[in-house]
Amino acid sequence: MQFLDHIITVLDFSAFEAVWYWVLFALLWSHWTQTTLGVPFAMIRRAELGDETARSDALQLAEITARDLRGLDAQLGPILVTLLGLILGFLAALGFYYDSPLAQSVFFLVMPAVGVGYLRNRLAQAWPQTPPQDQIRALMRHRRRLQFLGSVLIFFTAIQGVFFLQRVPQSPL
């Protein structure tokens, strides 16, 4: 029975003290920074170093993804913005005003996704006007922006987690 209690404690999904929360957080940021407009970073890097096949493939993938994002934005843009605003507002009020640790932790997962989506959409909207010689550089700039945003948000999430853990009574483990 004590072993089962330890397993349940390890798999606890309550908030910042759960290992699974931080694993999910790391996986999300890893996924968001590995592809830029549907193009894997390794392909962008090879294209930047002069591989013409990688450049052609990267630009084709980016064009397809940018076209899809522009179409999605034209059809569902206002609805998605409204829903995301409501969800973020609800999570922020529940998490910070009513002091719900679970809502705070979910807020710190959803809010960065909105920022990443905004940056991707902005790049997709600007893609047709980007000169072909600057498109690989635009993909690299986008990736660097995501890495910077990720670093800042990981820092603030970790600080929030530390403040949360200072307020919570320590478990017997």
# chains A, B, ... in the order shown; residues from 1 in each chain; ligands from 1

$ residues_around --residues "stretch 145-148 of chain A" --least-positions-apart "2" --cutoff "10 Å" --atoms "only C-alpha atoms" --output "short mmCIF file (atom, residue, chain, number, x, y, z; two decimals) with all heavy atoms, in the first residue's frame"
data_model
loop_
_atom_site.label_atom_id
_atom_site.label_comp_id
_atom_site.auth_asym_id
_atom_site.auth_seq_id
_atom_site.Cartn_x
_atom_site.Cartn_y
_atom_site.Cartn_z
N TRP A 29 7.92 23.24 -25.30
CA TRP A 29 8.90 24.20 -25.82
C TRP A 29 9.86 23.54 -26.79
O TRP A 29 10.29 24.15 -27.77
CB TRP A 29 9.65 24.89 -24.67
CG TRP A 29 8.83 26.04 -24.19
CD1 TRP A 29 8.14 26.11 -23.02
CD2 TRP A 29 8.56 27.25 -24.90
NE1 TRP A 29 7.46 27.30 -22.96
CE2 TRP A 29 7.71 28.02 -24.09
CE3 TRP A 29 8.94 27.76 -26.12
CZ2 TRP A 29 7.24 29.28 -24.49
CZ3 TRP A 29 8.48 29.00 -26.51
CH2 TRP A 29 7.64 29.74 -25.69
N SER A 30 10.19 22.31 -26.55
CA SER A 30 11.05 21.59 -27.49
C SER A 30 10.36 21.46 -28.84
O SER A 30 10.97 21.70 -29.89
CB SER A 30 11.38 20.21 -26.92
OG SER A 30 12.08 19.45 -27.87
N TRP A 32 7.92 23.37 -30.04
CA TRP A 32 7.72 24.68 -30.67
C TRP A 32 8.98 25.23 -31.31
O TRP A 32 8.91 25.98 -32.27
CB TRP A 32 7.18 25.68 -29.66
CG TRP A 32 5.77 25.42 -29.25
CD1 TRP A 32 4.80 24.81 -29.99
CD2 TRP A 32 5.16 25.75 -28.01
NE1 TRP A 32 3.63 24.74 -29.28
CE2 TRP A 32 3.82 25.32 -28.07
CE3 TRP A 32 5.61 26.38 -26.85
CZ2 TRP A 32 2.93 25.50 -27.02
CZ3 TRP A 32 4.72 26.56 -25.82
CH2 TRP A 32 3.40 26.12 -25.90
N THR A 33 10.15 24.88 -30.77
CA THR A 33 11.38 25.43 -31.34
C THR A 33 12.04 24.51 -32.36
O THR A 33 13.02 24.91 -32.99
CB THR A 33 12.40 25.77 -30.23
OG1 THR A 33 12.69 24.59 -29.49
CG2 THR A 33 11.89 26.85 -29.32
N GLN A 34 11.54 23.30 -32.54
CA GLN A 34 12.16 22.39 -33.50
C GLN A 34 11.71 22.63 -34.93
O GLN A 34 12.42 22.29 -35.86
CB GLN A 34 11.88 20.92 -33.12
CG GLN A 34 12.70 20.46 -31.96
CD GLN A 34 14.19 20.62 -32.18
OE1 GLN A 34 14.71 20.30 -33.23
NE2 GLN A 34 14.87 21.15 -31.19
N THR A 36 9.91 25.51 -37.69
CA THR A 36 9.52 26.88 -37.96
C THR A 36 8.71 26.87 -39.25
O THR A 36 9.23 26.50 -40.30
CB THR A 36 10.76 27.78 -38.13
OG1 THR A 36 11.54 27.68 -36.95
CG2 THR A 36 10.38 29.21 -38.36
N PRO A 112 1.90 30.73 -23.25
CA PRO A 112 2.98 30.68 -24.24
C PRO A 112 2.52 30.13 -25.59
O PRO A 112 3.01 30.56 -26.63
CB PRO A 112 4.02 29.74 -23.62
CG PRO A 112 3.73 29.76 -22.17
CD PRO A 112 2.26 29.99 -22.04
N GLY A 115 1.27 32.97 -27.52
CA GLY A 115 2.38 33.78 -28.04
C GLY A 115 3.06 33.13 -29.23
O GLY A 115 3.37 33.79 -30.23
N VAL A 116 3.28 31.83 -29.14
CA VAL A 116 3.89 31.10 -30.25
C VAL A 116 2.98 31.13 -31.47
O VAL A 116 3.43 31.36 -32.60
CB VAL A 116 4.21 29.64 -29.84
CG1 VAL A 116 4.57 28.79 -31.04
CG2 VAL A 116 5.32 29.62 -28.81
N LEU A 119 3.20 34.58 -33.12
CA LEU A 119 4.43 34.77 -33.90
C LEU A 119 4.40 33.95 -35.20
O LEU A 119 4.83 34.43 -36.25
CB LEU A 119 5.65 34.39 -33.06
CG LEU A 119 6.00 35.34 -31.93
CD1 LEU A 119 7.15 34.79 -31.11
CD2 LEU A 119 6.33 36.71 -32.45
N ARG A 120 3.89 32.73 -35.14
CA ARG A 120 3.78 31.91 -36.35
C ARG A 120 2.83 32.55 -37.35
O ARG A 120 3.09 32.59 -38.56
CB ARG A 120 3.26 30.51 -36.02
CG ARG A 120 4.29 29.58 -35.45
CD ARG A 120 3.73 28.20 -35.28
NE ARG A 120 3.70 27.54 -36.58
CZ ARG A 120 2.94 26.51 -36.87
NH1 ARG A 120 2.12 26.03 -35.98
NH2 ARG A 120 2.99 25.96 -38.05
N LEU A 139 13.15 32.61 -41.33
CA LEU A 139 12.88 31.40 -40.54
C LEU A 139 13.82 31.32 -39.33
O LEU A 139 13.40 30.96 -38.23
CB LEU A 139 13.02 30.16 -41.41
CG LEU A 139 11.98 29.97 -42.52
CD1 LEU A 139 12.34 28.79 -43.41
CD2 LEU A 139 10.59 29.80 -41.93
N MET A 140 15.08 31.67 -39.54
CA MET A 140 16.04 31.65 -38.43
C MET A 140 15.70 32.72 -37.39
O MET A 140 15.78 32.47 -36.18
CB MET A 140 17.47 31.86 -38.94
CG MET A 140 18.04 30.66 -39.67
SD MET A 140 18.17 29.20 -38.62
CE MET A 140 19.56 29.64 -37.60
N ARG A 141 15.31 33.91 -37.84
CA ARG A 141 14.91 34.98 -36.90
C ARG A 141 13.70 34.54 -36.08
O ARG A 141 13.65 34.79 -34.87
CB ARG A 141 14.58 36.27 -37.66
CG ARG A 141 15.73 37.19 -37.85
CD ARG A 141 15.28 38.59 -38.29
NE ARG A 141 14.29 38.58 -39.34
CZ ARG A 141 14.55 38.58 -40.64
NH1 ARG A 141 15.79 38.59 -41.07
NH2 ARG A 141 13.56 38.59 -41.53
N HIS A 142 12.76 33.89 -36.74
CA HIS A 142 11.57 33.40 -36.03
C HIS A 142 11.97 32.39 -34.95
O HIS A 142 11.47 32.45 -33.83
CB HIS A 142 10.60 32.76 -37.03
CG HIS A 142 9.39 32.17 -36.39
ND1 HIS A 142 8.36 32.94 -35.91
CD2 HIS A 142 9.06 30.88 -36.13
CE1 HIS A 142 7.44 32.16 -35.39
NE2 HIS A 142 7.83 30.89 -35.52
N ARG A 143 12.87 31.49 -35.28
CA ARG A 143 13.31 30.49 -34.30
C ARG A 143 14.01 31.16 -33.13
O ARG A 143 13.80 30.80 -31.97
CB ARG A 143 14.23 29.46 -34.94
CG ARG A 143 14.62 28.38 -33.93
CD ARG A 143 15.27 27.21 -34.62
NE ARG A 143 15.36 26.07 -33.74
CZ ARG A 143 16.42 25.80 -32.99
NH1 ARG A 143 17.47 26.58 -33.01
NH2 ARG A 143 16.42 24.73 -32.22
N GLY A 150 10.79 31.63 -25.16
CA GLY A 150 10.80 30.44 -24.31
C GLY A 150 11.67 30.62 -23.08
O GLY A 150 11.29 30.24 -21.98
N SER A 151 12.84 31.20 -23.25
CA SER A 151 13.74 31.43 -22.10
C SER A 151 13.09 32.33 -21.07
O SER A 151 13.12 32.04 -19.86
CB SER A 151 15.04 32.06 -22.57
OG SER A 151 15.70 31.23 -23.47
N VAL A 152 12.47 33.40 -21.52
CA VAL A 152 11.82 34.34 -20.59
C VAL A 152 10.65 33.67 -19.88
O VAL A 152 10.53 33.76 -18.65
CB VAL A 152 11.36 35.60 -21.35
CG1 VAL A 152 10.47 36.48 -20.49
CG2 VAL A 152 12.56 36.39 -21.84
N LEU A 153 9.82 32.96 -20.64
CA LEU A 153 8.65 32.34 -20.03
C LEU A 153 9.00 31.16 -19.14
O LEU A 153 8.35 30.93 -18.12
CB LEU A 153 7.65 31.93 -21.10
CG LEU A 153 6.97 33.12 -21.77
CD1 LEU A 153 6.13 32.68 -22.94
CD2 LEU A 153 6.13 33.90 -20.78
N ILE A 154 10.03 30.41 -19.49
CA ILE A 154 10.48 29.33 -18.60
C ILE A 154 10.99 29.92 -17.29
O ILE A 154 10.71 29.39 -16.21
CB ILE A 154 11.55 28.47 -19.31
CG1 ILE A 154 10.91 27.63 -20.41
CG2 ILE A 154 12.28 27.58 -18.31
CD1 ILE A 154 11.89 26.96 -21.33
#

$ select_by_dssp --residues "chain A" --states "helix (DSSP H, G or I)" --output "PyMOL selection string"
chain A and resi 2-10+19-34+41-48+52-97+101-129+132-167

$ atom_distance --atom1 "atom CA of A:Asp134" --atom2 "atom CA of A:Asp68"
20.7 Å

$ residues_around --residues "A:Val39" --least-positions-apart "4" --cutoff "7 Å" --atoms "only C-alpha atoms" --output "PyMOL selection string"
chain A and resi 35+43-44+58+61-62

$ atom_distance --atom1 "atom CA of A:Asn121" --atom2 "atom CA of A:Arg70"
7.4 Å

$ atom_distance --atom1 "atom CA of A:Trp127" --atom2 "atom CA of A:Gly77"
17.5 Å

$ select_by_dssp --residues "chain A" --states "strand (DSSP E)" --output "ChimeraX atom specification"
/A:35-36,39-40

$ write_last_selection --atoms "C-alpha atoms" --output "PDB file, in the first residue's frame"
ATOM      1  CA  THR A  35      10.056  23.463 -36.462  1.00  0.00           C
ATOM      2  CA  THR A  36       9.520  26.885 -37.965  1.00  0.00           C
ATOM      3  CA  VAL A  39      10.306  23.270 -41.545  1.00  0.00           C
ATOM      4  CA  PRO A  40      12.625  21.253 -39.269  1.00  0.00           C
TER       5      PRO A  40
END

$ closest_residue --among "A:Leu28, A:Arg137, A:Phe107, A:Tyr21" --to "A:Leu123" --atoms "only C-alpha atoms"
A:Arg137

$ residues_around --residues "stretch 108-111 of chain A" --least-positions-apart "5" --cutoff "8 Å" --atoms "only C-alpha atoms" --output "ChimeraX atom specification"
/A:25,88,157

$ write_last_selection --atoms "N, CA and C atoms" --output "mmCIF file, in the first residue's frame"
data_model
loop_
_atom_site.group_PDB
_atom_site.id
_atom_site.type_symbol
_atom_site.label_atom_id
_atom_site.label_comp_id
_atom_site.auth_asym_id
_atom_site.auth_seq_id
_atom_site.Cartn_x
_atom_site.Cartn_y
_atom_site.Cartn_z
ATOM 1 N N PHE A 25 5.863 20.739 -19.977
ATOM 2 C CA PHE A 25 6.327 22.089 -20.286
ATOM 3 C C PHE A 25 7.576 22.028 -21.175
ATOM 4 N N LEU A 88 -7.890 32.384 -21.552
ATOM 5 C CA LEU A 88 -6.790 32.979 -20.780
ATOM 6 C C LEU A 88 -7.311 33.842 -19.637
ATOM 7 N N THR A 157 7.929 31.071 -15.302
ATOM 8 C CA THR A 157 7.186 29.903 -14.820
ATOM 9 C C THR A 157 7.926 29.245 -13.655
#
